[in-house]
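Here is final-v2.pdb, consisting of PDB, C-alpha atoms:
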```pdb
MODEL        1
ATOM      1  CA  MET A 212    -177.697 -72.474  76.014
ATOM      2  CA  LEU A 213    -176.836 -69.354  77.991
ATOM      3  CA  LEU A 214    -174.986 -66.460  76.389
ATOM      4  CA  SER A 215    -171.905 -67.153  78.548
ATOM      5  CA  GLU A 216    -171.921 -70.754  77.318
ATOM      6  CA  VAL A 217    -171.967 -69.518  73.726
ATOM      7  CA  VAL A 218    -168.937 -67.291  74.429
ATOM      8  CA  ASP A 219    -167.140 -70.118  76.263
ATOM      9  CA  LYS A 220    -167.842 -72.520  73.381
ATOM     10  CA  MET A 221    -165.815 -70.302  71.024
ATOM     11  CA  VAL A 222    -162.815 -70.622  73.359
ATOM     12  CA  GLU A 223    -163.273 -74.365  73.943
ATOM     13  CA  GLU A 224    -163.668 -75.191  70.230
ATOM     14  CA  THR A 225    -160.283 -73.617  69.480
ATOM     15  CA  GLU A 226    -158.347 -75.252  72.319
ATOM     16  CA  GLY A 227    -154.866 -76.362  71.321
ATOM     17  CA  ASP A 228    -154.624 -73.913  68.422
ATOM     18  CA  GLU A 229    -152.162 -71.048  68.482
ATOM     19  CA  GLU A 230    -154.071 -69.098  65.851
ATOM     20  CA  VAL A 231    -157.845 -68.771  65.583
ATOM     21  CA  THR A 232    -159.629 -68.097  62.307
ATOM     22  CA  LEU A 233    -162.961 -66.413  61.783
ATOM     23  CA  ARG A 234    -164.124 -69.681  60.179
ATOM     24  CA  GLN A 235    -163.469 -71.528  63.473
ATOM     25  CA  LEU A 236    -165.394 -68.939  65.482
ATOM     26  CA  LEU A 237    -168.410 -69.068  63.174
ATOM     27  CA  SER A 238    -168.293 -72.861  63.216
ATOM     28  CA  ALA A 239    -168.335 -72.828  67.033
ATOM     29  CA  LEU A 240    -171.367 -70.546  66.985
ATOM     30  CA  ASP A 241    -173.145 -72.941  64.600
ATOM     31  CA  SER A 242    -176.734 -71.787  64.030
ATOM     32  CA  ARG A 243    -176.241 -68.683  66.199
ATOM     33  CA  SER A 244    -173.656 -67.178  63.853
ATOM     34  CA  TYR A 245    -176.119 -64.656  62.431
ATOM     35  CA  GLY A 246    -176.353 -62.975  65.829
ATOM     36  CA  PRO A 247    -172.733 -61.777  66.092
ATOM     37  CA  MET A 248    -172.551 -61.071  62.358
ATOM     38  CA  LEU A 249    -175.413 -58.600  62.792
ATOM     39  CA  LEU A 250    -174.384 -57.345  66.233
ATOM     40  CA  ILE A 251    -170.893 -56.157  65.293
ATOM     41  CA  PRO A 252    -171.940 -53.630  62.602
ATOM     42  CA  ALA A 253    -174.902 -52.506  64.736
ATOM     43  CA  VAL A 254    -172.635 -51.783  67.719
ATOM     44  CA  LEU A 255    -170.124 -49.995  65.487
ATOM     45  CA  ALA A 256    -172.923 -47.744  64.223
ATOM     46  CA  ILE A 257    -174.011 -46.917  67.778
ATOM     47  CA  ILE A 258    -170.562 -46.017  69.140
ATOM     48  CA  PRO A 259    -170.225 -42.238  68.603
ATOM     49  CA  LEU A 260    -166.467 -42.352  67.940
ATOM     50  CA  VAL A 261    -166.990 -44.873  65.152
ATOM     51  CA  GLY A 262    -170.566 -44.317  63.951
ATOM     52  CA  GLY A 263    -170.019 -40.562  63.777
ATOM     53  CA  ILE A 264    -167.334 -40.925  61.106
ATOM     54  CA  PRO A 265    -168.800 -39.978  57.702
ATOM     55  CA  GLY A 266    -169.505 -43.066  55.623
ATOM     56  CA  VAL A 267    -169.279 -45.587  58.463
ATOM     57  CA  SER A 268    -173.068 -45.699  58.833
ATOM     58  CA  MET A 269    -173.432 -46.642  55.184
ATOM     59  CA  LEU A 270    -170.756 -49.331  55.499
ATOM     60  CA  THR A 271    -172.321 -50.839  58.616
ATOM     61  CA  GLY A 272    -175.769 -50.661  57.019
ATOM     62  CA  ALA A 273    -174.460 -52.457  53.936
ATOM     63  CA  LEU A 274    -172.926 -55.192  56.107
ATOM     64  CA  ILE A 275    -176.222 -55.661  57.949
ATOM     65  CA  VAL A 276    -178.126 -55.898  54.636
ATOM     66  CA  ILE A 277    -175.641 -58.391  53.139
ATOM     67  CA  VAL A 278    -175.781 -60.691  56.163
ATOM     68  CA  ALA A 279    -179.540 -60.391  56.741
ATOM     69  CA  ILE A 280    -180.446 -61.075  53.094
ATOM     70  CA  GLN A 281    -178.738 -64.441  53.409
ATOM     71  CA  ALA A 282    -180.971 -65.256  56.377
ATOM     72  CA  VAL A 283    -184.069 -64.170  54.435
ATOM     73  CA  PHE A 284    -183.221 -66.770  51.792
ATOM     74  CA  GLY A 285    -182.689 -69.528  54.348
ATOM     75  CA  GLN A 286    -178.916 -69.863  54.516
ATOM     76  CA  SER A 287    -178.130 -71.858  57.663
ATOM     77  CA  LYS A 288    -174.955 -69.822  58.197
ATOM     78  CA  PRO A 289    -173.908 -66.510  56.693
ATOM     79  CA  TRP A 290    -171.617 -66.732  53.692
ATOM     80  CA  LEU A 291    -168.433 -64.718  53.848
ATOM     81  CA  PRO A 292    -165.591 -64.566  51.345
ATOM     82  CA  SER A 293    -162.995 -67.256  52.048
ATOM     83  CA  ARG A 294    -160.327 -64.596  52.398
ATOM     84  CA  LEU A 295    -162.266 -63.064  55.289
ATOM     85  CA  LEU A 296    -162.922 -66.490  56.843
ATOM     86  CA  GLN A 297    -159.174 -67.114  56.829
ATOM     87  CA  PHE A 298    -158.537 -63.995  58.905
ATOM     88  CA  SER A 299    -156.684 -65.192  61.992
ATOM     89  CA  PHE A 300    -155.410 -63.817  65.262
ATOM     90  CA  PRO A 301    -153.619 -65.302  68.279
ATOM     91  CA  ARG A 302    -155.831 -67.522  70.435
ATOM     92  CA  LYS A 303    -154.377 -65.748  73.476
ATOM     93  CA  ARG A 304    -156.348 -62.645  72.436
ATOM     94  CA  LEU A 305    -159.565 -64.683  72.287
ATOM     95  CA  VAL A 306    -158.947 -66.123  75.761
ATOM     96  CA  LYS A 307    -158.041 -62.686  77.142
ATOM     97  CA  GLY A 308    -161.109 -61.112  75.530
ATOM     98  CA  ASN A 309    -163.317 -63.892  76.923
ATOM     99  CA  LYS A 310    -161.983 -63.236  80.434
ATOM    100  CA  LYS A 311    -162.751 -59.509  80.062
ATOM    101  CA  ILE A 312    -166.287 -59.818  78.716
ATOM    102  CA  ARG A 313    -167.377 -62.932  80.629
ATOM    103  CA  PRO A 314    -168.314 -61.026  83.834
ATOM    104  CA  TRP A 315    -170.425 -58.632  81.754
ATOM    105  CA  VAL A 316    -172.041 -61.492  79.873
ATOM    106  CA  LYS A 317    -172.814 -63.298  83.163
ATOM    107  CA  LYS A 318    -174.423 -60.128  84.575
ATOM    108  CA  SER A 319    -176.483 -59.707  81.415
ATOM    109  CA  GLU A 320    -177.878 -63.232  81.764
ATOM    110  CA  SER A 321    -180.246 -62.042  84.468
ATOM    111  CA  LEU A 322    -181.829 -59.915  81.730
ATOM    112  CA  ILE A 323    -180.977 -61.891  78.593
ATOM    113  CA  HIS A 324    -181.810 -65.585  78.566
ATOM    114  CA  SER A 325    -183.927 -68.059  76.662
ATOM    115  CA  ARG A 326    -187.547 -66.885  76.708
ATOM    116  CA  LEU A 327    -190.125 -67.438  73.991
ATOM    117  CA  PRO A 328    -187.483 -69.256  71.896
ATOM    118  CA  TYR A 329    -190.009 -70.024  69.139
ATOM    119  CA  LEU A 330    -189.698 -66.343  68.115
ATOM    120  CA  THR A 331    -186.129 -67.075  66.981
ATOM    121  CA  ALA A 332    -187.072 -70.045  64.785
ATOM    122  CA  PRO A 333    -188.640 -70.082  61.310
ATOM    123  CA  PRO A 334    -190.815 -68.381  60.124
ATOM    124  CA  TYR A 335    -190.002 -65.654  62.664
ATOM    125  CA  PHE A 336    -186.300 -65.957  61.852
ATOM    126  CA  GLN A 337    -187.011 -64.850  58.271
ATOM    127  CA  ILE A 338    -189.252 -62.025  59.501
ATOM    128  CA  ILE A 339    -186.403 -60.885  61.783
ATOM    129  CA  ALA A 340    -184.057 -61.023  58.805
ATOM    130  CA  VAL A 341    -186.440 -58.891  56.694
ATOM    131  CA  CYS A 342    -186.617 -56.356  59.537
ATOM    132  CA  CYS A 343    -182.804 -56.287  59.719
ATOM    133  CA  VAL A 344    -182.630 -55.696  55.954
ATOM    134  CA  LEU A 345    -185.078 -52.795  56.313
ATOM    135  CA  MET A 346    -183.121 -51.348  59.242
ATOM    136  CA  GLY A 347    -179.858 -51.711  57.312
ATOM    137  CA  LEU A 348    -181.384 -49.932  54.316
ATOM    138  CA  LEU A 349    -182.512 -47.098  56.596
ATOM    139  CA  PHE A 350    -178.860 -46.499  57.447
ATOM    140  CA  PHE A 351    -178.326 -44.993  53.975
ATOM    141  CA  PRO A 352    -180.676 -42.003  54.132
ATOM    142  CA  LEU A 353    -180.170 -41.587  57.879
ATOM    143  CA  ALA A 354    -176.396 -41.474  57.421
ATOM    144  CA  LEU A 355    -176.836 -37.893  56.249
ATOM    145  CA  LEU A 356    -177.798 -36.890  59.791
ATOM    146  CA  PRO A 357    -175.261 -37.324  62.611
ATOM    147  CA  MET A 358    -176.006 -40.410  64.724
ATOM    148  CA  ALA A 359    -179.497 -40.772  63.224
ATOM    149  CA  VAL A 360    -178.958 -44.508  62.732
ATOM    150  CA  ILE A 361    -179.116 -45.201  66.465
ATOM    151  CA  ILE A 362    -182.737 -46.447  66.562
ATOM    152  CA  PRO A 363    -182.350 -48.883  63.629
ATOM    153  CA  ALA A 364    -178.944 -49.978  64.955
ATOM    154  CA  ILE A 365    -180.400 -50.699  68.404
ATOM    155  CA  ALA A 366    -183.237 -52.649  66.741
ATOM    156  CA  VAL A 367    -180.664 -54.797  64.910
ATOM    157  CA  GLY A 368    -178.757 -55.139  68.190
ATOM    158  CA  PHE A 369    -181.863 -56.453  69.967
ATOM    159  CA  PHE A 370    -182.535 -58.880  67.119
ATOM    160  CA  SER A 371    -178.947 -60.162  67.134
ATOM    161  CA  LEU A 372    -178.783 -60.605  70.909
ATOM    162  CA  GLY A 373    -182.195 -62.268  70.799
ATOM    163  CA  LEU A 374    -180.970 -64.721  68.159
ATOM    164  CA  MET A 375    -177.802 -65.538  70.107
ATOM    165  CA  ALA A 376    -179.599 -66.053  73.441
ATOM    166  CA  ARG A 377    -182.831 -67.420  71.909
ATOM    167  CA  ASP A 378    -184.578 -64.592  73.784
ATOM    168  CA  GLY A 379    -187.970 -63.780  72.275
ATOM    169  CA  TYR A 380    -188.388 -60.757  74.560
ATOM    170  CA  LEU A 381    -185.443 -59.084  72.835
ATOM    171  CA  ILE A 382    -186.946 -60.023  69.478
ATOM    172  CA  VAL A 383    -190.188 -58.273  70.473
ATOM    173  CA  LEU A 384    -188.169 -55.172  71.475
ATOM    174  CA  GLY A 385    -186.467 -55.331  68.074
ATOM    175  CA  PHE A 386    -189.863 -55.460  66.342
ATOM    176  CA  MET A 387    -191.074 -52.480  68.380
ATOM    177  CA  LEU A 388    -188.008 -50.411  67.472
ATOM    178  CA  THR A 389    -188.376 -51.430  63.825
ATOM    179  CA  VAL A 390    -191.941 -50.100  63.800
ATOM    180  CA  LEU A 391    -190.760 -46.932  65.578
ATOM    181  CA  ALA A 392    -187.890 -46.364  63.114
ATOM    182  CA  LEU A 393    -190.095 -46.948  60.068
ATOM    183  CA  GLY A 394    -192.801 -44.746  61.549
ATOM    184  CA  LEU A 395    -190.351 -41.904  62.158
ATOM    185  CA  VAL A 396    -188.993 -42.135  58.619
ATOM    186  CA  ILE A 397    -192.485 -42.154  57.113
ATOM    187  CA  TRP A 398    -193.525 -39.250  59.338
ATOM    188  CA  ALA A 399    -190.412 -37.252  58.414
ATOM    189  CA  ALA A 400    -190.945 -37.855  54.695
TER     190      ALA A 400
ENDMDL
END
```
Representation of the structure as structure tokens:
Amino acid sequence: MLLSEVVDKMVEETEGDEEVTLRQLLSALDSRSYGPMLLIPAVLAIIPLVGGIPGVSMLTGALIVIVAIQAVFGQSKPWLPSRLLQFSFPRKRLVKGNKKIRPWVKKSESLIHSRLPYLTAPPYFQIIAVCCVLMGLLFFPLALLPMAVIIPAIAVGFFSLGLMARDGYLIVLGFMLTVLALGLVIWAA
């Protein structure tokens, strides 16, 4: 399934509803729900206006660790508190957002598509999750330096996009950045 099809599926699965809940969106994503759950905090950490705010790096790192640990232990979908799953917003916003990002998603499909999909399945899925936990934990000491979490956040971003698109090439890039981030931390220590 292409990335644009994944995005479209979220809109199609909520057709007829006036309000959309986070539970519905995660249900539409099915087994790919770990991807967006890891991507959102990683992107927030990368954006200078958000990631540069003191404490945000630690919060995003904690979110990555909480979600990734569930994948390490084999949860098919990430657990979230029911209160958070009940968070809702107008479906119109979902449709409008889909229309805005769809051209970008379509353009990205020339670069991001299903390649080496076995790298997104077990046991690699658990190895990816362990790497995401490690990258999330790195956010804590690196949060002391402005925007130092960029390399681990990009690694998590590659892993999450790779999981959503079943793109093993992105997974390999995530592994390479994980090694780089860990190497830099060890070297700096």
- Task: Have a look at A:Ala253, A:Lys311, A:Lys303, A:Leu330 and name the one nearest to Phe369 of chain A; count all atoms listed in the file.
- Result: A:Ala253
Kindly list the centre and edge lengths in Å, rounded to one decimal, for the axis-aligned box that covers all listed atoms of segment 331-339 of chain A plus 8 Å on each of its six sides, as AutoDock Vina command-line options.
```
--center_x -188.5 --center_y -65.5 --center_z 62.6 --size_x 20.7 --size_y 25.2 --size_z 24.7
```
Counting all atoms listed in the file, give me one row per residue of segment 256-352 of chain A with an atom at most 10 Å from an atom of segment 234-243 of chain A, showing the shortest contact pair and its distance in Å to one decimal, sorted by chain then residue number, as CSV.
```
residue,atom,partner,partner_atom,distance
A:Gln286,CA,A:Ser242,CA,9.9
A:Ser287,CA,A:Ser242,CA,6.5
A:Lys288,CA,A:Ser242,CA,6.4
A:Pro289,CA,A:Leu237,CA,8.9
A:Leu291,CA,A:Arg234,CA,9.1
A:Ser293,CA,A:Arg234,CA,8.6
A:Leu295,CA,A:Arg234,CA,8.4
A:Leu296,CA,A:Arg234,CA,4.8
A:Gln297,CA,A:Arg234,CA,6.5
A:Phe298,CA,A:Arg234,CA,8.1
A:Ser299,CA,A:Arg234,CA,8.9
A:Leu305,CA,A:Leu236,CA,9.9
```
- Message: Just want the 12 Å neighbourhood of Leu395 of chain A, counted on all atoms listed in the file, with same-chain residues fewer than 5 positions away dropped. Output as number ranges by chain.
- Response: A: 349, 353, 359-360, 362-363, 388-390, 400
- Item | Ground truth for the PyMOL selection byres ((chain A and resi 267-278) around 9), written as JSON, numbers by chain | {"A": [245, 248, 249, 250, 251, 252, 253, 255, 256, 261, 262, 263, 264, 265, 266, 279, 280, 281, 282, 289, 290, 291, 340, 343, 344, 345, 346, 347, 348, 349, 350, 351, 352, 353, 354, 358, 360, 364, 367]}
